[in-house]
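K.L.:
The structure under discussion is supplied below as structure tokens; questions concerning it will follow.
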Amino acid sequence: MTVGQNVRKYRLALGLSQGRLSDMSTVPQTTISTIEHGATPNARIANALAKALNVSIEDLLNEEQEVTK
């Protein structure tokens, strides 16, 4: 899975909209959308998203794993 796919899977597993995740992480909703569509986040954004999603940065960035939450 790509980083964007991981963000989307974790977000949906928590029942969050992109807007709500934006509120929780202070990452703009448009940036979240761009990441979910394939862009690679910088370290600050990746950390903010991981914290808001309550996952480790490694889990968020790991392109090998399947998300099971």
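By convention here, the chains of the structure tokens are called A, B, ... in the order presented, each chain's residues are numbered starting at 1, and ligands are numbered starting at 1 in the order presented.
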Using only C-alpha atoms, find each residue of stretch 1-28 of chain A with at least one atom at most 9 Å away from an atom of stretch 34-42 of chain A; report its shortest atom-to-atom pair and that distance in Å (one decimal), sort the rows by chain and rising residue number, and return the result as a Markdown table.

P.N.:
```
| residue | atom | partner | partner_atom | distance |
| --- | --- | --- | --- | --- |
| A:Thr2 | CA | A:Gly38 | CA | 7.5 |
| A:Val3 | CA | A:Thr40 | CA | 7.0 |
| A:Gly4 | CA | A:Glu36 | CA | 3.8 |
| A:Gln5 | CA | A:Glu36 | CA | 6.0 |
| A:Asn6 | CA | A:Glu36 | CA | 8.2 |
| A:Val7 | CA | A:Glu36 | CA | 6.6 |
| A:Arg8 | CA | A:Glu36 | CA | 6.2 |
```

K.L.:
List the spatial neighbours of A:Arg20 as a list of chain:residue names - criterion: any atom at most 12 Å away, only C-alpha atoms, same-chain residues fewer than 6 positions off excluded.

P.N.:
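Within the cut-off, the hits are A:Arg11, A:Leu12, A:Leu14, A:Thr26, A:Val27, A:Pro28, A:Gln29, A:Ile32, A:Leu49, A:Ala52, A:Leu53.
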
K.L.:
Could you please take those selected residues and save N, CA and C atoms as a CSV table (one decimal), in the first residue's frame?

P.N.:
```csv
chain,number,residue,atom,x,y,z
A,11,ARG,N,-7.9,6.5,8.1
A,11,ARG,CA,-8.9,7.5,8.3
A,11,ARG,C,-10.3,6.9,8.3
A,12,LEU,N,-10.5,6.0,7.3
A,12,LEU,CA,-11.8,5.4,7.2
A,12,LEU,C,-12.1,4.5,8.3
A,14,LEU,N,-11.3,4.8,11.3
A,14,LEU,CA,-11.7,5.7,12.4
A,14,LEU,C,-13.0,6.4,12.1
A,26,THR,N,-4.3,19.6,11.7
A,26,THR,CA,-3.9,20.9,11.2
A,26,THR,C,-3.3,20.8,9.8
A,27,VAL,N,-3.5,19.7,9.2
A,27,VAL,CA,-3.0,19.6,7.8
A,27,VAL,C,-4.2,19.9,6.9
A,28,PRO,N,-4.0,20.8,5.9
A,28,PRO,CA,-5.2,21.2,5.1
A,28,PRO,C,-5.8,20.0,4.4
A,29,GLN,N,-7.2,20.1,4.3
A,29,GLN,CA,-7.9,19.0,3.7
A,29,GLN,C,-7.4,18.8,2.3
A,32,ILE,N,-4.4,16.6,2.4
A,32,ILE,CA,-4.8,15.2,2.7
A,32,ILE,C,-5.3,14.5,1.4
A,49,LEU,N,-0.2,13.7,10.6
A,49,LEU,CA,-1.2,12.7,10.3
A,49,LEU,C,-1.1,11.5,11.1
A,52,ALA,N,-2.5,12.2,14.6
A,52,ALA,CA,-4.0,12.4,14.5
A,52,ALA,C,-4.7,11.0,14.3
A,53,LEU,N,-4.1,10.1,13.6
A,53,LEU,CA,-4.6,8.8,13.3
A,53,LEU,C,-4.3,7.8,14.4
```
